[in-house]
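Chemist: I'd like to ask some things about the structure below.
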Amino acid sequence: MLSDEALDRMLRDSDPDPGERATDPDSPVATRILARVRQSTRRRRRRLLVMVPTVALVVTGATAGTYAWVAGDGRGHTLDSTGLSCVSSADGDAVLNFDPGTDDPVGTCRERWRESFGQAAPTELTACVDSSQQGSITVYPGGRDQCGSHRSDPYLGPTEEQLALSHFRADLKKQFPDRTCVPHPEFRKVVDRLLDRHGLTGWTARHFQTADREPEGACADVSYYDETDRIIWLGDHKSGTPLTWP
């Protein structure tokens with residue numbers, strides 16, 4: 001079951017109009033937000049850029065005179081290596097699934113730019129880590145100065161753990177070729193074995209639910225990777241349909 005802290009963080013991170021008051025987890029708005037959290041990792045979607053990042057002020061340390069925010073882990077790395085946002089100043093942004101082990105943010109956005117925005121990609125694009133709570137990878141038109149103007153830091157690539165997670169994701173996908181229903185116990189057993197194989201110490205798999213009265217379904221899939229808390233949230237897959245992979 002989702003902890004209160006995890007649920008609150010996911011609601012705040014996904015709320016398109018965040019404010020001082022936390023969203024009620026039992027409200028219809030919360031239900032819609034949680035649905036978007038799950039959907040965003042399954043497929044690319046296009047949306048208007050409306051989220052106002054939550055900024056954490058830097059009050060001490062060497063960067064205090066340079067930046068007024070903390071982006072990602074503060075060292076040029078994202079807190080969510082499975083997603084990527086390509087931003088067009090005129091046409092909103094396109095959110096894509098991303099694999100830091102095989103993909104380059106700028107190259108990925110350039111390749112998908114015309115499909116997403118109906119025009120050729122700008123000559124210069126820059127990958128940044130934004131200062132939202134997710135610390136997301138965001139690609140902007142222009143040079144490195146665009147990072148600072150959007151309260152972001154230049155993206156410096158994945159961490160060793162994120163590369164290990166990338167290899168884990170690829171390995172997990174290979175375990176179930178052509179399967180349309182994998183029972184939760186079997187899915188968890190494979191996940192645990194692969195986590196150990198790839199040295200992902202401290203990671204666990206949990207069922208994505210909001211109450212104890214919601215038992216596991218017949219089939220499992222991956223809904224969301226919470227890299228901050230090292231949790232792989234498992235959802236209930238619809239039997240007979242191909243597995244999808246965030």
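Identifiers in this document derive from the order of the structure tokens: chains are assigned A, B, ..., residues are numbered from 1 separately in each chain, and ligands are numbered from 1 in order of occurrence.
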Which polymer residues have any atom within 10 Å of an atom of A:Phe168, counting only C-alpha atoms, with same-chain residues fewer than 2 positions away left out, as number ranges by chain?

Modeler: A: 162-166, 170-174, 191, 194-200

Chemist: How would the residues just picked look written out with C-alpha atoms as a tab-separated table (two decimals), in the first residue's frame?

Modeler:
chain	number	residue	atom	x	y	z
A	162	GLN	CA	20.60	4.91	-12.85
A	163	LEU	CA	22.70	2.97	-15.36
A	164	ALA	CA	22.16	-0.17	-13.27
A	165	LEU	CA	18.42	0.55	-13.25
A	166	SER	CA	18.52	0.96	-17.04
A	170	ALA	CA	16.02	-3.96	-20.20
A	171	ASP	CA	16.63	-7.32	-18.53
A	172	LEU	CA	13.14	-7.40	-16.98
A	173	LYS	CA	11.52	-6.80	-20.34
A	174	LYS	CA	13.40	-9.76	-21.82
A	191	VAL	CA	12.13	-8.61	-10.02
A	194	LEU	CA	17.19	-9.10	-11.23
A	195	LEU	CA	17.58	-6.44	-8.55
A	196	ASP	CA	20.21	-8.64	-6.93
A	197	ARG	CA	21.88	-9.34	-10.28
A	198	HIS	CA	22.26	-5.64	-11.05
A	199	GLY	CA	23.35	-4.61	-7.58
A	200	LEU	CA	20.31	-2.45	-6.86

Chemist: Neighbouring residues of A:Cys86 were defined as those with any atom within 12 Å, considering only C-alpha atoms; residues of the same chain fewer than 5 positions away were excluded. Please report them as a PyMOL selection string.

Modeler: chain A and resi 44-49+91-98+105-117+121-122+125-129+136-141

Chemist: Got time to write the residues from that selection, N, CA, C and O atoms, as a compact mmCIF listing (two decimals), in the first residue's frame?

Modeler:
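Here's the written file part_20.txt:
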# COMPACT_ATOMS: atom_id res chain seq x y z
N ARG A 44 4.04 8.16 -24.41
CA ARG A 44 4.33 9.58 -24.63
C ARG A 44 3.02 10.32 -24.74
O ARG A 44 2.07 9.86 -25.32
N ARG A 45 3.01 11.52 -24.13
CA ARG A 45 1.83 12.34 -24.29
C ARG A 45 2.26 13.79 -24.47
O ARG A 45 3.33 14.18 -24.04
N ARG A 46 1.41 14.58 -25.11
CA ARG A 46 1.71 15.98 -25.30
C ARG A 46 0.78 16.80 -24.41
O ARG A 46 -0.40 16.54 -24.32
N ARG A 47 1.34 17.77 -23.71
CA ARG A 47 0.53 18.59 -22.83
C ARG A 47 1.09 20.01 -22.82
O ARG A 47 2.20 20.25 -23.24
N LEU A 48 0.29 20.96 -22.35
CA LEU A 48 0.76 22.32 -22.19
C LEU A 48 1.61 22.42 -20.94
O LEU A 48 1.38 21.75 -19.95
N LEU A 49 2.61 23.27 -20.98
CA LEU A 49 3.50 23.44 -19.85
C LEU A 49 2.82 24.37 -18.85
O LEU A 49 2.82 25.58 -19.00
N ASP A 91 4.64 25.70 -28.41
CA ASP A 91 3.68 24.61 -28.50
C ASP A 91 3.66 23.69 -27.30
O ASP A 91 3.32 22.51 -27.41
N GLY A 92 4.02 24.19 -26.12
CA GLY A 92 3.99 23.34 -24.95
C GLY A 92 5.17 22.38 -24.92
O GLY A 92 6.27 22.72 -25.34
N ASP A 93 4.95 21.16 -24.43
CA ASP A 93 6.05 20.20 -24.35
C ASP A 93 5.55 18.79 -24.62
O ASP A 93 4.37 18.51 -24.50
N ALA A 94 6.49 17.94 -25.00
CA ALA A 94 6.20 16.53 -25.25
C ALA A 94 6.92 15.70 -24.20
O ALA A 94 8.12 15.87 -23.99
N VAL A 95 6.20 14.82 -23.52
CA VAL A 95 6.77 13.98 -22.47
C VAL A 95 7.02 12.59 -23.05
O VAL A 95 6.09 11.95 -23.57
N LEU A 96 8.25 12.11 -22.97
CA LEU A 96 8.64 10.84 -23.57
C LEU A 96 9.20 9.89 -22.52
O LEU A 96 9.80 10.33 -21.53
N ASN A 97 9.02 8.60 -22.74
CA ASN A 97 9.78 7.61 -21.98
C ASN A 97 11.25 7.74 -22.36
O ASN A 97 11.58 8.10 -23.49
N PHE A 98 12.14 7.44 -21.41
CA PHE A 98 13.56 7.67 -21.63
C PHE A 98 14.37 6.56 -20.98
O PHE A 98 13.99 6.04 -19.93
N PRO A 105 19.36 12.70 -24.29
CA PRO A 105 18.19 13.58 -24.22
C PRO A 105 18.03 14.49 -25.43
O PRO A 105 16.94 14.59 -26.00
N VAL A 106 19.10 15.14 -25.81
CA VAL A 106 19.03 16.07 -26.95
C VAL A 106 18.73 15.31 -28.23
O VAL A 106 17.87 15.71 -29.04
N GLY A 107 19.40 14.18 -28.45
CA GLY A 107 19.17 13.40 -29.65
C GLY A 107 17.76 12.85 -29.71
O GLY A 107 17.13 12.82 -30.77
N THR A 108 17.23 12.41 -28.56
CA THR A 108 15.87 11.88 -28.51
C THR A 108 14.85 12.96 -28.86
O THR A 108 13.93 12.74 -29.65
N CYS A 109 15.00 14.16 -28.28
CA CYS A 109 14.07 15.24 -28.57
C CYS A 109 14.19 15.69 -30.02
O CYS A 109 13.18 15.97 -30.68
N ARG A 110 15.41 15.76 -30.53
CA ARG A 110 15.59 16.18 -31.92
C ARG A 110 14.90 15.20 -32.87
O ARG A 110 14.26 15.61 -33.85
N GLU A 111 15.01 13.92 -32.57
CA GLU A 111 14.40 12.90 -33.42
C GLU A 111 12.88 12.97 -33.41
O GLU A 111 12.23 12.71 -34.42
N ARG A 112 12.30 13.34 -32.26
CA ARG A 112 10.85 13.35 -32.13
C ARG A 112 10.23 14.74 -32.27
O ARG A 112 9.02 14.89 -32.12
N TRP A 113 11.04 15.75 -32.56
CA TRP A 113 10.57 17.14 -32.54
C TRP A 113 9.48 17.39 -33.59
O TRP A 113 8.43 17.95 -33.29
N ARG A 114 9.73 16.98 -34.82
CA ARG A 114 8.75 17.25 -35.89
C ARG A 114 7.44 16.52 -35.61
O ARG A 114 6.35 17.07 -35.81
N GLU A 115 7.52 15.28 -35.15
CA GLU A 115 6.32 14.52 -34.82
C GLU A 115 5.54 15.19 -33.69
O GLU A 115 4.30 15.21 -33.70
N SER A 116 6.26 15.74 -32.73
CA SER A 116 5.62 16.33 -31.56
C SER A 116 5.09 17.74 -31.80
O SER A 116 4.03 18.10 -31.30
N PHE A 117 5.83 18.54 -32.57
CA PHE A 117 5.50 19.96 -32.69
C PHE A 117 5.21 20.42 -34.12
O PHE A 117 4.89 21.58 -34.35
N ALA A 121 13.38 20.62 -35.66
CA ALA A 121 13.97 20.96 -34.37
C ALA A 121 14.88 22.17 -34.51
O ALA A 121 15.51 22.38 -35.56
N PRO A 122 14.98 23.01 -33.47
CA PRO A 122 15.91 24.13 -33.49
C PRO A 122 17.35 23.64 -33.69
O PRO A 122 17.68 22.49 -33.37
N LEU A 125 19.87 22.65 -29.07
CA LEU A 125 19.04 22.19 -27.97
C LEU A 125 19.95 21.88 -26.78
O LEU A 125 21.09 21.45 -26.96
N THR A 126 19.43 22.07 -25.58
CA THR A 126 20.22 21.83 -24.37
C THR A 126 19.41 21.04 -23.35
O THR A 126 18.24 21.35 -23.10
N ALA A 127 20.04 20.03 -22.77
CA ALA A 127 19.40 19.22 -21.74
C ALA A 127 19.72 19.77 -20.36
O ALA A 127 20.89 20.02 -20.03
N CYS A 128 18.68 19.95 -19.55
CA CYS A 128 18.83 20.48 -18.20
C CYS A 128 18.12 19.57 -17.21
O CYS A 128 17.30 18.73 -17.60
N VAL A 129 18.42 19.74 -15.93
CA VAL A 129 17.69 19.10 -14.84
C VAL A 129 16.92 20.20 -14.14
O VAL A 129 17.51 21.16 -13.66
N SER A 136 13.34 16.59 -13.02
CA SER A 136 13.19 15.95 -14.33
C SER A 136 14.21 16.44 -15.35
O SER A 136 14.73 17.56 -15.25
N ILE A 137 14.48 15.60 -16.37
CA ILE A 137 15.30 16.01 -17.51
C ILE A 137 14.41 16.79 -18.47
O ILE A 137 13.38 16.29 -18.91
N THR A 138 14.83 18.00 -18.81
CA THR A 138 14.06 18.86 -19.70
C THR A 138 14.99 19.42 -20.76
O THR A 138 16.07 19.92 -20.45
N VAL A 139 14.57 19.32 -22.03
CA VAL A 139 15.38 19.82 -23.14
C VAL A 139 14.74 21.09 -23.68
O VAL A 139 13.57 21.11 -24.05
N TYR A 140 15.54 22.17 -23.72
CA TYR A 140 15.07 23.47 -24.18
C TYR A 140 15.76 23.88 -25.47
O TYR A 140 16.92 23.52 -25.70
N PRO A 141 15.08 24.65 -26.33
CA PRO A 141 15.77 25.27 -27.47
C PRO A 141 16.79 26.28 -26.97
O PRO A 141 16.51 27.02 -26.02

Chemist: Hey, what does DSSP flag as strand (DSSP E or B) within stretch 67-228 of chain A? Can you give it to me as a VMD selection string?

Modeler: chain A and resid 83 to 88 92 to 97 125 to 129 137 to 141 153 to 154 204 to 207 220 to 226

Chemist: Next, write the just-selected residues to a file, as an mmCIF file, in the first residue's frame, keeping N, CA and C atoms as the atom set.

Modeler:
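Heads up, here's the output in out-v2.cif:
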data_model
loop_
_atom_site.group_PDB
_atom_site.id
_atom_site.type_symbol
_atom_site.label_atom_id
_atom_site.label_comp_id
_atom_site.auth_asym_id
_atom_site.auth_seq_id
_atom_site.Cartn_x
_atom_site.Cartn_y
_atom_site.Cartn_z
ATOM 1 N N GLY A 83 12.015 9.368 -17.546
ATOM 2 C CA GLY A 83 11.188 10.302 -18.307
ATOM 3 C C GLY A 83 11.991 11.468 -18.836
ATOM 4 N N LEU A 84 11.456 12.102 -19.876
ATOM 5 C CA LEU A 84 12.129 13.213 -20.547
ATOM 6 C C LEU A 84 11.072 14.158 -21.094
ATOM 7 N N SER A 85 11.297 15.456 -20.930
ATOM 8 C CA SER A 85 10.372 16.456 -21.460
ATOM 9 C C SER A 85 11.089 17.318 -22.490
ATOM 10 N N CYS A 86 10.530 17.387 -23.706
ATOM 11 C CA CYS A 86 11.056 18.245 -24.769
ATOM 12 C C CYS A 86 10.162 19.485 -24.838
ATOM 13 N N VAL A 87 10.734 20.655 -24.633
ATOM 14 C CA VAL A 87 9.951 21.875 -24.494
ATOM 15 C C VAL A 87 10.051 22.741 -25.736
ATOM 16 N N SER A 88 8.888 23.095 -26.286
ATOM 17 C CA SER A 88 8.800 24.074 -27.364
ATOM 18 C C SER A 88 8.173 25.333 -26.788
ATOM 19 N N GLY A 92 4.016 24.190 -26.119
ATOM 20 C CA GLY A 92 3.988 23.344 -24.946
ATOM 21 C C GLY A 92 5.172 22.377 -24.924
ATOM 22 N N ASP A 93 4.951 21.160 -24.428
ATOM 23 C CA ASP A 93 6.046 20.200 -24.346
ATOM 24 C C ASP A 93 5.551 18.792 -24.622
ATOM 25 N N ALA A 94 6.489 17.938 -24.998
ATOM 26 C CA ALA A 94 6.196 16.527 -25.245
ATOM 27 C C ALA A 94 6.924 15.703 -24.196
ATOM 28 N N VAL A 95 6.198 14.823 -23.522
ATOM 29 C CA VAL A 95 6.772 13.976 -22.471
ATOM 30 C C VAL A 95 7.016 12.591 -23.052
ATOM 31 N N LEU A 96 8.249 12.113 -22.967
ATOM 32 C CA LEU A 96 8.641 10.843 -23.566
ATOM 33 C C LEU A 96 9.199 9.891 -22.518
ATOM 34 N N ASN A 97 9.023 8.595 -22.740
ATOM 35 C CA ASN A 97 9.779 7.611 -21.976
ATOM 36 C C ASN A 97 11.246 7.743 -22.357
ATOM 37 N N LEU A 125 19.872 22.654 -29.073
ATOM 38 C CA LEU A 125 19.043 22.188 -27.974
ATOM 39 C C LEU A 125 19.952 21.884 -26.784
ATOM 40 N N THR A 126 19.426 22.070 -25.577
ATOM 41 C CA THR A 126 20.220 21.834 -24.369
ATOM 42 C C THR A 126 19.412 21.040 -23.352
ATOM 43 N N ALA A 127 20.043 20.035 -22.773
ATOM 44 C CA ALA A 127 19.395 19.216 -21.738
ATOM 45 C C ALA A 127 19.721 19.767 -20.356
ATOM 46 N N CYS A 128 18.680 19.952 -19.555
ATOM 47 C CA CYS A 128 18.826 20.484 -18.202
ATOM 48 C C CYS A 128 18.118 19.566 -17.212
ATOM 49 N N VAL A 129 18.422 19.744 -15.934
ATOM 50 C CA VAL A 129 17.687 19.102 -14.840
ATOM 51 C C VAL A 129 16.916 20.204 -14.140
ATOM 52 N N ILE A 137 14.476 15.600 -16.369
ATOM 53 C CA ILE A 137 15.301 16.009 -17.507
ATOM 54 C C ILE A 137 14.411 16.786 -18.470
ATOM 55 N N THR A 138 14.826 18.004 -18.806
ATOM 56 C CA THR A 138 14.059 18.863 -19.697
ATOM 57 C C THR A 138 14.990 19.418 -20.765
ATOM 58 N N VAL A 139 14.566 19.322 -22.026
ATOM 59 C CA VAL A 139 15.377 19.817 -23.143
ATOM 60 C C VAL A 139 14.741 21.090 -23.684
ATOM 61 N N TYR A 140 15.537 22.168 -23.720
ATOM 62 C CA TYR A 140 15.066 23.474 -24.181
ATOM 63 C C TYR A 140 15.756 23.878 -25.474
ATOM 64 N N PRO A 141 15.083 24.648 -26.334
ATOM 65 C CA PRO A 141 15.768 25.266 -27.474
ATOM 66 C C PRO A 141 16.785 26.280 -26.967
ATOM 67 N N ASP A 153 19.678 23.219 -13.887
ATOM 68 C CA ASP A 153 21.111 23.009 -14.043
ATOM 69 C C ASP A 153 21.364 22.180 -15.300
ATOM 70 N N PRO A 154 22.536 22.320 -15.939
ATOM 71 C CA PRO A 154 22.866 21.449 -17.071
ATOM 72 C C PRO A 154 22.844 19.976 -16.654
ATOM 73 N N THR A 204 12.874 -2.200 -3.623
ATOM 74 C CA THR A 204 11.811 -3.157 -3.346
ATOM 75 C C THR A 204 10.700 -2.989 -4.369
ATOM 76 N N ALA A 205 9.858 -4.018 -4.494
ATOM 77 C CA ALA A 205 8.672 -3.958 -5.355
ATOM 78 C C ALA A 205 7.432 -3.984 -4.478
ATOM 79 N N ARG A 206 6.491 -3.071 -4.769
ATOM 80 C CA ARG A 206 5.249 -3.003 -4.005
ATOM 81 C C ARG A 206 4.074 -2.849 -4.959
ATOM 82 N N HIS A 207 2.903 -3.254 -4.472
ATOM 83 C CA HIS A 207 1.696 -3.144 -5.291
ATOM 84 C C HIS A 207 1.163 -1.724 -5.220
ATOM 85 N N ALA A 220 0.355 -8.803 -13.315
ATOM 86 C CA ALA A 220 1.171 -7.689 -12.843
ATOM 87 C C ALA A 220 1.859 -6.975 -13.993
ATOM 88 N N ASP A 221 2.171 -5.710 -13.769
ATOM 89 C CA ASP A 221 3.066 -4.968 -14.653
ATOM 90 C C ASP A 221 3.736 -3.877 -13.819
ATOM 91 N N VAL A 222 4.657 -3.144 -14.428
ATOM 92 C CA VAL A 222 5.335 -2.052 -13.739
ATOM 93 C C VAL A 222 4.596 -0.756 -14.031
ATOM 94 N N SER A 223 4.177 -0.060 -12.971
ATOM 95 C CA SER A 223 3.480 1.210 -13.129
ATOM 96 C C SER A 223 4.437 2.395 -13.077
ATOM 97 N N TYR A 224 5.419 2.338 -12.179
ATOM 98 C CA TYR A 224 6.179 3.545 -11.880
ATOM 99 C C TYR A 224 7.445 3.173 -11.123
ATOM 100 N N TYR A 225 8.563 3.811 -11.478
ATOM 101 C CA TYR A 225 9.814 3.658 -10.740
ATOM 102 C C TYR A 225 10.018 4.890 -9.863
ATOM 103 N N ASP A 226 9.991 4.695 -8.551
ATOM 104 C CA ASP A 226 10.248 5.787 -7.618
ATOM 105 C C ASP A 226 11.717 5.704 -7.217
#

Chemist: Of the candidates A:Phe187, A:Ala120, A:Thr201, A:Pro246, which one gets nearest to A:Ser81 if we count only C-alpha atoms?

Modeler: A:Pro246

Chemist: Which of these residues is nearest to A:Pro100, using only C-alpha atoms: A:Thr123, A:Thr159, A:Ser239, A:Thr228?

Modeler: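 Answer, going by the shortest atom-to-atom distance: A:Thr159.
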
Chemist: Which residue, A:Gly202, A:Gly72, A:Gly142, A:Gly148, has the smallest gap to A:Ser89 when you use only C-alpha atoms?

Modeler: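 Among the listed residues, A:Gly142 lies closest to A:Ser89.
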